[in-house]
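Structure file upload04.txt; described as compact mmCIF, C-alpha atoms (C1' of nucleotides).
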```
# COMPACT_ATOMS: atom_id res chain seq x y z
CA MET A 1 78.98 68.93 156.28
CA PHE A 2 80.46 72.20 155.16
CA ARG A 3 83.66 71.92 153.18
CA GLY A 4 85.85 74.05 151.00
CA THR A 5 87.09 77.61 151.06
CA THR A 6 85.57 80.42 149.07
CA ASN A 7 86.85 83.88 148.39
CA LEU A 8 83.97 86.27 148.93
CA SER A 9 83.73 90.01 148.63
CA MET A 10 81.73 92.07 151.05
CA ASP A 11 79.91 95.10 149.64
CA VAL A 12 79.98 98.56 151.14
CA LYS A 13 76.96 97.84 153.30
CA GLY A 14 78.66 94.85 154.89
CA ARG A 15 76.68 92.21 153.04
CA LEU A 16 78.18 88.86 152.10
CA ALA A 17 76.70 86.54 149.49
CA VAL A 18 76.78 82.99 150.76
CA PRO A 19 77.68 80.55 147.97
CA ALA A 20 74.47 79.10 146.59
CA LYS A 21 75.51 75.51 147.19
CA HIS A 22 75.56 76.04 150.93
CA ARG A 23 72.33 77.94 151.32
CA GLU A 24 70.11 74.95 151.67
CA ALA A 25 72.17 73.46 154.48
CA LEU A 26 72.47 76.77 156.30
CA GLN A 27 68.77 77.57 156.03
CA THR A 28 67.97 81.23 156.42
CA LYS A 29 68.55 81.54 160.14
CA VAL A 30 72.20 81.57 161.09
CA VAL A 31 74.33 82.67 164.01
CA LEU A 32 77.52 84.62 163.52
CA THR A 33 80.00 85.07 166.35
CA ALA A 34 83.62 85.74 167.23
CA HIS A 35 86.43 83.25 167.70
CA PRO A 36 89.46 83.92 169.91
CA HIS A 37 91.81 83.44 166.97
CA GLY A 38 90.39 86.53 165.32
CA CYS A 39 87.98 85.03 162.82
CA LEU A 40 84.21 84.71 162.90
CA LEU A 41 82.15 81.55 163.23
CA LEU A 42 79.04 80.90 161.18
CA TYR A 43 76.57 78.28 162.38
CA PRO A 44 73.13 77.25 161.28
CA GLN A 45 71.00 78.61 164.09
CA PRO A 46 69.86 75.22 165.44
CA ALA A 47 73.44 73.94 165.62
CA TRP A 48 74.50 76.92 167.68
CA GLU A 49 71.98 76.67 170.49
CA PRO A 50 73.50 73.68 172.33
CA ILE A 51 76.94 75.25 172.19
CA GLU A 52 75.70 78.44 173.74
CA ALA A 53 73.84 76.52 176.40
CA LYS A 54 77.01 74.70 177.35
CA MET A 55 78.98 77.92 177.55
CA MET A 56 76.47 79.69 179.72
CA ALA A 57 76.40 76.82 182.19
CA LEU A 58 79.90 77.81 183.34
CA SER A 59 80.51 80.12 186.28
CA SER A 60 80.32 83.79 185.42
CA PHE A 61 82.65 84.76 188.25
CA ASP A 62 85.61 82.76 186.97
CA LYS A 63 87.80 85.00 184.81
CA GLN A 64 88.64 82.33 182.29
CA SER A 65 85.17 81.09 181.59
CA SER A 66 83.45 84.45 181.77
CA GLY A 67 85.95 85.70 179.22
CA LEU A 68 84.91 82.96 176.85
CA GLN A 69 81.25 83.64 177.50
CA ARG A 70 81.73 87.29 176.71
CA LEU A 71 83.48 86.49 173.51
CA LEU A 72 81.39 83.64 172.15
CA VAL A 73 77.95 84.54 173.42
CA GLY A 74 78.55 88.26 173.62
CA TYR A 75 79.45 88.56 170.00
CA ALA A 76 76.86 86.08 168.76
CA GLU A 77 74.17 87.51 166.53
CA ASP A 78 71.07 86.01 165.01
CA ILE A 79 71.03 86.83 161.35
CA GLU A 80 68.67 85.96 158.55
CA LEU A 81 69.84 85.72 154.99
CA ASP A 82 68.11 88.22 152.72
CA SER A 83 66.17 87.27 149.62
CA ALA A 84 69.38 87.12 147.61
CA GLY A 85 71.08 84.80 150.08
CA ARG A 86 73.28 87.45 151.62
CA LEU A 87 74.04 87.94 155.27
CA LEU A 88 74.62 91.30 156.84
CA VAL A 89 77.70 91.47 159.06
CA SER A 90 77.28 94.04 161.82
CA PRO A 91 79.89 96.78 162.24
CA THR A 92 80.95 95.28 165.57
CA LEU A 93 81.76 91.90 164.08
CA ARG A 94 83.39 93.46 161.06
CA GLU A 95 85.64 95.40 163.35
CA PHE A 96 86.42 92.38 165.50
CA ALA A 97 87.64 90.29 162.60
CA GLY A 98 89.05 93.21 160.62
CA LEU A 99 86.81 92.41 157.68
CA GLU A 100 86.86 94.89 154.84
CA LYS A 101 86.35 93.65 151.34
CA GLU A 102 88.08 90.35 150.83
CA VAL A 103 86.77 87.56 153.02
CA MET A 104 87.64 83.87 153.16
CA LEU A 105 84.83 81.50 153.99
CA VAL A 106 86.23 78.23 155.27
CA GLY A 107 84.12 75.13 155.71
CA GLN A 108 84.72 73.33 159.00
CA GLY A 109 82.21 70.52 159.01
CA SER A 110 79.54 71.71 161.37
CA HIS A 111 80.15 75.37 160.62
CA PHE A 112 82.16 77.92 158.69
CA GLU A 113 84.94 80.25 159.66
CA MET A 114 85.15 83.72 158.14
CA TRP A 115 88.56 85.35 157.85
CA HIS A 116 89.86 88.62 156.60
CA LEU A 117 91.92 87.40 153.64
CA GLU A 118 95.17 88.79 155.00
CA ALA A 119 94.67 87.20 158.40
CA TRP A 120 93.87 83.89 156.74
CA ARG A 121 97.09 83.96 154.74
CA LYS A 122 99.05 84.85 157.80
CA GLN A 123 97.80 82.00 159.91
CA LEU A 124 98.33 79.65 156.99
CA ASP A 125 101.90 80.83 156.60
CA SER A 126 102.70 80.43 160.25
CA LEU A 127 101.35 76.89 160.14
CA MET A 128 103.49 75.96 157.15
CA ALA A 129 106.57 77.93 158.10
CA GLY A 130 107.34 75.60 160.97
CA GLY A 131 108.38 72.97 158.42
CA ASP A 132 107.54 70.13 160.69
CA ILE A 133 104.06 70.09 162.02
CA GLU A 134 103.86 68.63 165.47
CA MET A 135 100.78 66.60 165.86
CA PRO A 136 98.61 67.13 168.91
CA ALA A 137 98.95 64.31 171.39
CA GLU A 138 95.48 63.02 170.60
CA LEU A 139 96.63 62.22 167.08
CA GLU A 140 99.54 60.04 168.12
CA GLY A 141 100.23 57.56 165.36
CA PHE A 142 97.69 59.13 163.07
CA SER A 143 98.60 59.79 159.45
CA LEU A 144 96.82 61.33 156.51
CA MET B 1 67.98 85.03 174.98
CA PHE B 2 70.07 88.14 174.72
CA ARG B 3 72.95 87.98 172.30
CA GLY B 4 75.30 90.26 170.46
CA THR B 5 77.35 93.31 171.27
CA THR B 6 76.32 96.85 170.44
CA ASN B 7 78.32 100.00 170.59
CA LEU B 8 76.13 102.58 172.31
CA SER B 9 76.75 106.17 173.13
CA MET B 10 75.51 107.69 176.32
CA ASP B 11 74.29 111.26 176.08
CA VAL B 12 75.24 114.06 178.45
CA LYS B 13 72.32 113.27 180.71
CA GLY B 14 73.51 109.70 181.19
CA ARG B 15 70.83 108.14 179.03
CA LEU B 16 71.44 105.00 177.01
CA ALA B 17 69.22 103.92 174.12
CA VAL B 18 68.62 100.18 174.31
CA PRO B 19 68.63 98.64 170.81
CA ALA B 20 65.07 98.30 169.60
CA LYS B 21 65.33 94.59 168.96
CA HIS B 22 65.85 93.92 172.66
CA ARG B 23 63.20 96.20 174.11
CA GLU B 24 60.39 93.74 173.92
CA ALA B 25 62.30 91.08 175.81
CA LEU B 26 63.53 93.54 178.43
CA GLN B 27 60.11 95.07 179.03
CA THR B 28 60.24 98.51 180.61
CA LYS B 29 61.21 97.51 184.12
CA VAL B 30 64.86 96.54 184.43
CA VAL B 31 67.46 96.20 187.15
CA LEU B 32 70.96 97.57 186.77
CA THR B 33 73.74 96.58 189.12
CA ALA B 34 77.49 96.17 189.52
CA HIS B 35 79.65 93.16 188.67
CA PRO B 36 82.99 92.36 190.34
CA HIS B 37 84.78 92.45 186.98
CA GLY B 38 84.07 96.15 186.65
CA CYS B 39 81.08 96.14 184.37
CA LEU B 40 77.37 96.58 185.02
CA LEU B 41 74.65 93.96 184.74
CA LEU B 42 71.29 94.63 183.17
CA TYR B 43 68.40 92.26 183.90
CA PRO B 44 64.71 92.32 183.11
CA GLN B 45 63.25 93.04 186.52
CA PRO B 46 61.45 89.68 186.88
CA ALA B 47 64.62 87.75 186.06
CA TRP B 48 66.59 89.60 188.70
CA GLU B 49 64.38 88.84 191.68
CA PRO B 50 65.34 85.17 192.15
CA ILE B 51 69.01 86.02 191.79
CA GLU B 52 68.83 88.60 194.51
CA ALA B 53 66.94 86.19 196.70
CA LYS B 54 69.64 83.59 196.22
CA MET B 55 72.37 86.05 197.07
CA MET B 56 70.69 87.16 200.23
CA ALA B 57 70.27 83.60 201.36
CA LEU B 58 74.03 83.32 201.78
CA SER B 59 75.65 83.88 205.14
CA SER B 60 76.34 87.51 205.85
CA PHE B 61 79.24 86.62 208.11
CA ASP B 62 81.31 85.00 205.42
CA LYS B 63 83.66 87.64 203.99
CA GLN B 64 83.40 86.37 200.46
CA SER B 65 79.64 86.18 200.23
CA SER B 66 78.85 89.32 202.16
CA GLY B 67 81.19 91.15 199.80
CA LEU B 68 79.22 89.89 196.85
CA GLN B 69 75.97 90.81 198.52
CA ARG B 70 77.13 94.35 199.08
CA LEU B 71 78.18 94.67 195.48
CA LEU B 72 75.35 92.94 193.67
CA VAL B 73 72.45 93.89 195.88
CA GLY B 74 73.88 97.12 197.17
CA TYR B 75 74.39 98.63 193.77
CA ALA B 76 71.18 97.28 192.26
CA GLU B 77 68.71 99.87 191.01
CA ASP B 78 65.22 99.56 189.61
CA ILE B 79 64.99 101.53 186.41
CA GLU B 80 62.24 102.09 183.85
CA LEU B 81 62.94 102.75 180.20
CA ASP B 82 61.57 106.06 178.95
CA SER B 83 59.20 106.40 176.01
CA ALA B 84 62.10 106.31 173.58
CA GLY B 85 63.47 103.11 175.06
CA ARG B 86 66.33 104.74 176.94
CA LEU B 87 67.52 103.98 180.44
CA LEU B 88 69.04 106.49 182.78
CA VAL B 89 72.25 105.34 184.44
CA SER B 90 72.78 106.87 187.87
CA PRO B 91 76.00 108.74 188.58
CA THR B 92 76.98 106.10 191.13
CA LEU B 93 76.82 103.27 188.62
CA ARG B 94 78.41 105.39 185.93
CA GLU B 95 81.31 106.01 188.21
CA PHE B 96 81.58 102.39 189.27
CA ALA B 97 81.99 101.15 185.73
CA GLY B 98 83.83 104.23 184.47
CA LEU B 99 81.17 104.89 181.86
CA GLU B 100 81.51 108.09 179.90
CA LYS B 101 80.38 108.21 176.34
CA GLU B 102 81.24 105.00 174.58
CA VAL B 103 79.55 101.96 176.07
CA MET B 104 79.51 98.34 174.98
CA LEU B 105 76.33 96.43 175.59
CA VAL B 106 77.04 92.70 175.62
CA GLY B 107 74.31 90.07 175.50
CA GLN B 108 74.84 87.18 177.91
CA GLY B 109 71.77 85.05 177.50
CA SER B 110 69.66 85.92 180.49
CA HIS B 111 71.02 89.44 180.81
CA PHE B 112 73.36 92.08 179.43
CA GLU B 113 76.69 93.40 180.56
CA MET B 114 77.57 97.06 180.11
CA TRP B 115 81.21 98.01 179.70
CA HIS B 116 83.15 101.17 179.23
CA LEU B 117 84.53 100.62 175.73
CA GLU B 118 88.15 100.84 176.84
CA ALA B 119 87.65 98.35 179.65
CA TRP B 120 85.91 95.96 177.26
CA ARG B 121 88.80 96.09 174.81
CA LYS B 122 91.26 95.55 177.59
CA GLN B 123 89.63 92.43 178.94
CA LEU B 124 89.19 91.13 175.40
CA ASP B 125 92.86 91.69 174.63
CA SER B 126 93.96 89.90 177.74
CA LEU B 127 91.81 86.94 176.78
CA MET B 128 93.19 86.73 173.27
CA ALA B 129 96.75 87.74 174.00
CA GLY B 130 97.81 84.31 175.24
CA GLY B 131 97.53 82.97 171.71
CA ASP B 132 96.49 79.64 173.09
CA ILE B 133 93.32 79.74 175.14
CA GLU B 134 93.08 77.11 177.79
CA MET B 135 89.64 75.75 178.08
CA PRO B 136 88.09 75.57 181.51
CA ALA B 137 88.26 72.06 182.90
CA GLU B 138 84.51 71.62 182.59
CA LEU B 139 84.82 71.89 178.84
CA GLU B 140 87.33 69.07 178.52
CA GLY B 141 86.96 67.60 175.07
CA PHE B 142 84.53 70.27 173.97
CA SER B 143 85.02 71.80 170.58
CA LEU B 144 83.29 74.49 168.62
C1' DC C 1 78.79 74.95 118.50
C1' DG C 2 76.33 79.00 119.50
C1' DC C 3 72.62 81.23 121.34
C1' DA C 4 69.18 81.82 124.75
C1' DA C 5 67.38 81.29 129.21
C1' DT C 6 68.03 80.78 133.93
C1' DT C 7 70.49 81.24 138.06
C1' DG C 8 73.86 83.53 140.92
C1' DG C 9 76.03 87.69 142.26
C1' DT C 10 76.10 92.87 142.83
C1' DG C 11 74.74 97.43 143.48
C1' DG C 12 71.92 100.89 144.79
C1' DG C 13 67.11 103.58 145.93
C1' DT C 14 63.54 104.34 149.13
C1' DA C 15 60.32 104.21 152.84
C1' DA C 16 60.02 103.28 157.53
C1' DA C 17 62.02 102.85 161.93
C1' DA C 18 65.38 103.84 165.22
C1' DG C 19 68.61 106.93 167.43
C1' DT C 20 69.73 111.55 169.10
C1' DG C 21 69.46 115.96 171.03
C1' DG C 22 67.35 119.34 173.34
C1' DG C 23 63.44 122.27 175.56
C1' DT C 24 59.85 122.31 178.95
C1' DT C 25 57.49 120.80 182.93
C1' DT C 26 57.30 118.35 187.17
C1' DT C 27 59.24 116.47 191.08
C1' DT C 28 62.40 116.10 194.83
C1' DG C 29 65.27 117.45 198.29
C1' DT C 30 67.20 121.07 201.08
C1' DA D 1 60.58 128.51 198.42
C1' DC D 2 64.26 127.60 195.52
C1' DA D 3 67.55 125.03 192.97
C1' DA D 4 68.78 120.91 190.87
C1' DA D 5 67.64 116.97 188.79
C1' DA D 6 64.69 113.87 186.62
C1' DA D 7 60.72 112.76 183.59
C1' DC D 8 58.35 113.85 179.55
C1' DC D 9 57.74 115.22 175.01
C1' DC D 10 58.75 116.58 170.43
C1' DA D 11 61.50 117.31 166.25
C1' DC D 12 65.39 116.16 163.51
C1' DT D 13 68.90 113.03 161.64
C1' DT D 14 70.68 108.64 160.68
C1' DT D 15 70.36 103.92 159.92
C1' DT D 16 68.29 99.79 158.45
C1' DA D 17 65.35 96.61 155.96
C1' DC D 18 63.32 95.67 151.89
C1' DC D 19 62.89 95.83 147.22
C1' DC D 20 64.09 96.04 142.44
C1' DA D 21 67.10 96.25 138.52
C1' DC D 22 71.19 95.02 136.22
C1' DC D 23 75.45 92.24 135.07
C1' DA D 24 77.93 87.89 134.83
C1' DA D 25 78.30 83.15 134.50
C1' DT D 26 76.70 78.78 133.60
C1' DT D 27 73.78 75.44 131.63
C1' DG D 28 70.62 73.52 128.45
C1' DC D 29 68.79 73.17 124.05
C1' DG D 30 68.31 73.80 119.21
```
Translate this structure into structure tokens?
Amino acid sequence: MFRGTTNLSMDVKGRLAVPAKHREALQTKVVLTAHPHGCLLLYPQPAWEPIEAKMMALSSFDKQSSGLQRLLVGYAEDIELDSAGRLLVSPTLREFAGLEKEVMLVGQGSHFEMWHLEAWRKQLDSLMAGGDIEMPAELEGFSL
Amino acid sequence: MFRGTTNLSMDVKGRLAVPAKHREALQTKVVLTAHPHGCLLLYPQPAWEPIEAKMMALSSFDKQSSGLQRLLVGYAEDIELDSAGRLLVSPTLREFAGLEKEVMLVGQGSHFEMWHLEAWRKQLDSLMAGGDIEMPAELEGFSL
DNA sequence: CGCAATTGGTGGGTAAAAGTGGGTTTTTGT
DNA sequence: ACAAAAACCCACTTTTACCCACCAATTGCG
């Protein structure tokens, strides 16, 4: 289970050093893709496969589902960590998520999210600004 | 499985260099055709055959299916990559998809989609603009 | 408690491969 | 037979992958 947020800095070539403590769990083969909220998703390669399979089973003529396919599968890239445990983020994905130097790596259990630091702060602010957080219906009666 | 997006540039002769990492899987014989959403589809030739067969099995009196047949089969072209791994896009298909210089090649598992960069951005924006993305009904309870 | 050794992070340099742009020849269609 | 277009080939430029070296931080040991 991936947990915790880390502030990483991407070098000029677009390489990101994955924190050493997570390397073993990620293995060297990972998949990096785009998320509709504007961040990237990082999965260990084996964990990604079933998700992609499920996505591609949807109709490719339906606007809604083909849009998701284009985003999630279209942007997905197989990446191998280099000998120093870094992953190379392609220009396309960098542009998609607006990544420059400062990147937030956010553990989300089965995977990580990668945010441009500014975008991360923004979405955090908008969550907290509301004052009251309305719980999704599924969490009725649930408390932390 | 084809994944990932690449920003390609078509030269003045209408040639497109397929990324080297995908050439082996595509082989040299490919089929390029039109998709109702305004992009082109690129299949390895062997993978295309059964799809075409399936299309042509539909009734040609039904408006909906004969329309699809005209588009998918009518626009389909057999193309061979040249020695440098480039494919030549015919003027007809270029015009159909509005391709000029900047082209997005989008992996979709069994095949690729080819978009005029502007059109790609547009459809991406309209997907993400809603803020909330409703999941297709088939994905009820599915999470990334 | 301090020093040394090891591990993690960072930044390039370089050789090989991929991408790009024509020029020339061959084919095709009129 | 001629013009236009496509196929082929070659040379140049750019990018990428791989490697190595250095700096920082942390840990272990004397």
Could I get the residues of chain D with an atom no further than 8 Å from an atom of segment 6-30 of chain C, each paired with its nearest atom pair and that distance in Å to one decimal, using all atoms listed in the file, sorted by chain and residue number, as a Markdown table?
```
| residue | atom | partner | partner_atom | distance |
| --- | --- | --- | --- | --- |
| D:DA6 | C1' | C:DT27 | C1' | 7.5 |
| D:DA7 | C1' | C:DT26 | C1' | 7.5 |
| D:DC8 | C1' | C:DT25 | C1' | 7.8 |
| D:DT13 | C1' | C:DT20 | C1' | 7.7 |
| D:DT14 | C1' | C:DG19 | C1' | 7.3 |
| D:DT15 | C1' | C:DA18 | C1' | 7.3 |
| D:DT16 | C1' | C:DA17 | C1' | 7.8 |
| D:DC23 | C1' | C:DT10 | C1' | 7.8 |
| D:DA24 | C1' | C:DG9 | C1' | 7.7 |
| D:DA25 | C1' | C:DG8 | C1' | 7.8 |
```
Practice item. For Lys101 of chain B, please output as a list in words all residues within 7 Å (counting all atoms listed in the file; exclusion window: fewer than 4 positions along the same chain). Key: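 Within the cut-off, the hits are Ser9, Met10 and Asp11 of chain B.
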Please find the residues of chain B near chain A - the criterion being any atom within 6 Å, counting all atoms listed in the file - and write them as a CSV table (one decimal) with C-alpha atoms, keeping the file's coordinate frame.
```csv
chain,number,residue,atom,x,y,z
B,3,ARG,CA,73.0,88.0,172.3
B,4,GLY,CA,75.3,90.3,170.5
B,5,THR,CA,77.4,93.3,171.3
B,106,VAL,CA,77.0,92.7,175.6
B,107,GLY,CA,74.3,90.1,175.5
B,108,GLN,CA,74.8,87.2,177.9
B,128,MET,CA,93.2,86.7,173.3
```
Show me which bits of chain A are within 12 Å of chain C, counting only C-alpha atoms (C1' of nucleotides), as a PyMOL selection string.
chain A and resi 8-13+15-21+23+84-86
List every residue of chain D that has an atom at most 10 Å from any atom of chain A, and for each one report the closest atom pair and its distance in Å to one decimal, counting only C-alpha atoms (C1' of nucleotides), with rows sorted by chain and then by increasing residue number, as JSON lines.
```
{"residue": "D:DA17", "atom": "C1'", "partner": "A:Asp82", "partner_atom": "CA", "distance": 9.4}
{"residue": "D:DC18", "atom": "C1'", "partner": "A:Asp82", "partner_atom": "CA", "distance": 8.9}
{"residue": "D:DC19", "atom": "C1'", "partner": "A:Ser83", "partner_atom": "CA", "distance": 9.5}
```
Please save C-alpha atoms (C1' of nucleotides) of the selected residues as a PDB file, in the frame of the given file.
```pdb
ATOM      1  C1'  DA D  17      65.350  96.610 155.960  1.00  0.00           C
ATOM      2  C1'  DC D  18      63.320  95.670 151.890  1.00  0.00           C
ATOM      3  C1'  DC D  19      62.890  95.830 147.220  1.00  0.00           C
TER       4       DC D  19
END
```
Exercise. If you count all atoms listed in the file, which residues fall within 9 Å of Gln45 of chain A, apart from same-chain ones fewer than 4 positions away, as a list in words?
Worked result: Leu26, Gln27, Thr28, Lys29, Val30, Val31, Leu32, Glu49, Asp78 and Ile79 of chain A
Once chain A is superposed on chain B with a least-squares fit on all C-alpha pairs taken in order, can you show it as a CSV table (one decimal) with C-alpha atoms, in the frame of the given file?
```csv
chain,number,residue,atom,x,y,z
A,1,MET,CA,67.9,85.2,174.5
A,2,PHE,CA,70.0,88.3,174.3
A,3,ARG,CA,72.8,88.2,171.7
A,4,GLY,CA,75.2,90.5,170.0
A,5,THR,CA,77.2,93.5,170.9
A,6,THR,CA,76.2,97.1,170.3
A,7,ASN,CA,78.2,100.2,170.5
A,8,LEU,CA,76.0,102.8,172.3
A,9,SER,CA,76.6,106.4,173.3
A,10,MET,CA,75.4,107.8,176.6
A,11,ASP,CA,74.2,111.4,176.6
A,12,VAL,CA,75.3,114.0,179.0
A,13,LYS,CA,72.5,113.1,181.4
A,14,GLY,CA,73.6,109.5,181.6
A,15,ARG,CA,70.8,108.1,179.4
A,16,LEU,CA,71.4,105.1,177.2
A,17,ALA,CA,69.1,104.1,174.3
A,18,VAL,CA,68.5,100.4,174.3
A,19,PRO,CA,68.5,99.0,170.8
A,20,ALA,CA,64.9,98.7,169.6
A,21,LYS,CA,65.1,95.0,168.8
A,22,HIS,CA,65.7,94.2,172.5
A,23,ARG,CA,63.1,96.4,174.1
A,24,GLU,CA,60.3,93.9,173.8
A,25,ALA,CA,62.2,91.2,175.6
A,26,LEU,CA,63.5,93.5,178.3
A,27,GLN,CA,60.1,95.1,179.0
A,28,THR,CA,60.2,98.4,180.7
A,29,LYS,CA,61.3,97.3,184.1
A,30,VAL,CA,64.9,96.3,184.3
A,31,VAL,CA,67.6,95.9,187.0
A,32,LEU,CA,71.0,97.3,186.5
A,33,THR,CA,73.9,96.3,188.9
A,34,ALA,CA,77.6,95.9,189.2
A,35,HIS,CA,79.8,92.9,188.3
A,36,PRO,CA,83.1,92.2,190.0
A,37,HIS,CA,85.0,92.4,186.7
A,38,GLY,CA,84.1,96.1,186.4
A,39,CYS,CA,81.2,96.0,184.1
A,40,LEU,CA,77.5,96.4,184.7
A,41,LEU,CA,74.8,93.7,184.4
A,42,LEU,CA,71.4,94.4,182.9
A,43,TYR,CA,68.5,92.0,183.6
A,44,PRO,CA,64.8,92.1,182.9
A,45,GLN,CA,63.4,92.8,186.4
A,46,PRO,CA,61.7,89.4,186.8
A,47,ALA,CA,64.8,87.5,185.8
A,48,TRP,CA,66.8,89.3,188.5
A,49,GLU,CA,64.6,88.5,191.5
A,50,PRO,CA,65.6,84.9,192.0
A,51,ILE,CA,69.3,85.7,191.7
A,52,GLU,CA,69.0,88.3,194.4
A,53,ALA,CA,67.1,86.0,196.6
A,54,LYS,CA,69.8,83.4,196.3
A,55,MET,CA,72.5,85.9,197.2
A,56,MET,CA,70.7,87.2,200.2
A,57,ALA,CA,70.3,83.8,201.6
A,58,LEU,CA,74.0,83.6,202.3
A,59,SER,CA,75.5,84.6,205.7
A,60,SER,CA,76.0,88.3,206.1
A,61,PHE,CA,78.8,87.8,208.6
A,62,ASP,CA,81.1,85.8,206.2
A,63,LYS,CA,83.5,88.3,204.5
A,64,GLN,CA,83.4,86.6,201.2
A,65,SER,CA,79.7,86.3,200.8
A,66,SER,CA,78.8,89.6,202.3
A,67,GLY,CA,81.2,91.2,199.9
A,68,LEU,CA,79.3,89.7,197.0
A,69,GLN,CA,76.0,90.8,198.5
A,70,ARG,CA,77.2,94.3,198.9
A,71,LEU,CA,78.4,94.4,195.3
A,72,LEU,CA,75.5,92.6,193.5
A,73,VAL,CA,72.6,93.7,195.6
A,74,GLY,CA,74.0,96.9,196.9
A,75,TYR,CA,74.6,98.3,193.5
A,76,ALA,CA,71.4,96.9,192.0
A,77,GLU,CA,68.8,99.5,190.9
A,78,ASP,CA,65.3,99.2,189.6
A,79,ILE,CA,65.1,101.3,186.5
A,80,GLU,CA,62.3,101.9,184.0
A,81,LEU,CA,62.9,102.7,180.4
A,82,ASP,CA,61.6,106.1,179.4
A,83,SER,CA,59.1,106.7,176.6
A,84,ALA,CA,62.0,106.7,174.1
A,85,GLY,CA,63.3,103.4,175.3
A,86,ARG,CA,66.3,104.9,177.2
A,87,LEU,CA,67.5,103.9,180.6
A,88,LEU,CA,69.1,106.3,183.0
A,89,VAL,CA,72.3,105.1,184.6
A,90,SER,CA,72.8,106.6,188.0
A,91,PRO,CA,76.0,108.5,188.8
A,92,THR,CA,77.1,105.7,191.2
A,93,LEU,CA,76.9,103.0,188.6
A,94,ARG,CA,78.5,105.2,186.0
A,95,GLU,CA,81.4,105.8,188.3
A,96,PHE,CA,81.7,102.1,189.2
A,97,ALA,CA,82.0,101.0,185.6
A,98,GLY,CA,83.9,104.1,184.4
A,99,LEU,CA,81.2,104.8,181.9
A,100,GLU,CA,81.5,108.1,180.0
A,101,LYS,CA,80.3,108.3,176.5
A,102,GLU,CA,81.1,105.1,174.6
A,103,VAL,CA,79.5,102.0,176.0
A,104,MET,CA,79.5,98.4,174.8
A,105,LEU,CA,76.3,96.5,175.3
A,106,VAL,CA,77.0,92.7,175.2
A,107,GLY,CA,74.3,90.1,175.0
A,108,GLN,CA,74.8,87.2,177.4
A,109,GLY,CA,71.7,85.1,177.0
A,110,SER,CA,69.7,85.8,180.0
A,111,HIS,CA,71.1,89.3,180.4
A,112,PHE,CA,73.4,92.0,179.1
A,113,GLU,CA,76.7,93.3,180.2
A,114,MET,CA,77.6,97.0,179.8
A,115,TRP,CA,81.2,97.9,179.4
A,116,HIS,CA,83.1,101.2,179.1
A,117,LEU,CA,84.5,100.7,175.6
A,118,GLU,CA,88.1,100.9,176.7
A,119,ALA,CA,87.6,98.3,179.4
A,120,TRP,CA,85.9,96.0,177.0
A,121,ARG,CA,88.8,96.2,174.5
A,122,LYS,CA,91.2,95.6,177.3
A,123,GLN,CA,89.6,92.5,178.6
A,124,LEU,CA,89.2,91.2,175.0
A,125,ASP,CA,92.9,91.8,174.3
A,126,SER,CA,94.0,90.0,177.5
A,127,LEU,CA,91.9,87.0,176.5
A,128,MET,CA,93.4,86.9,173.0
A,129,ALA,CA,96.9,87.8,173.9
A,130,GLY,CA,97.4,84.5,175.7
A,131,GLY,CA,97.5,82.8,172.3
A,132,ASP,CA,96.3,79.5,173.7
A,133,ILE,CA,93.1,79.6,175.5
A,134,GLU,CA,92.9,77.1,178.3
A,135,MET,CA,89.5,75.7,178.6
A,136,PRO,CA,87.9,75.5,182.0
A,137,ALA,CA,87.9,72.0,183.4
A,138,GLU,CA,84.1,71.7,182.9
A,139,LEU,CA,84.6,72.0,179.1
A,140,GLU,CA,87.1,69.1,178.8
A,141,GLY,CA,86.8,67.7,175.4
A,142,PHE,CA,84.5,70.4,174.2
A,143,SER,CA,85.1,72.1,170.9
A,144,LEU,CA,83.4,74.9,169.0
```
| Distance atom CA of Met104 of chain B-atom CA of Asn7 of chain B, one decimal place? |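 Those two atoms sit 4.8 Å apart.
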Could you work out how far atom CA of Leu40 of chain A lies from atom CA of His116 of chain A, giving the answer in Å with one decimal?
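Here the two named atoms are 9.3 Å from each other.
For the pair atom CA of Val89 of chain B and atom CA of Gly14 of chain B, the separation is 5.6 Å.
Minimum atom-to-atom distances from A:Met114, A:Leu87, A:Met135, A:Met1 to Ala47 of chain A were compared using only C-alpha atoms, and the lowest value belongs to A:Met1.
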Segment 35-42 of chain B: axis-aligned bounding box, 4 Å on each side, centre and edge lengths in Å, one decimal, as JSON:
```
{"center_x": 78.0, "center_y": 94.5, "center_z": 186.8, "size_x": 21.5, "size_y": 12.2, "size_z": 15.2}
```
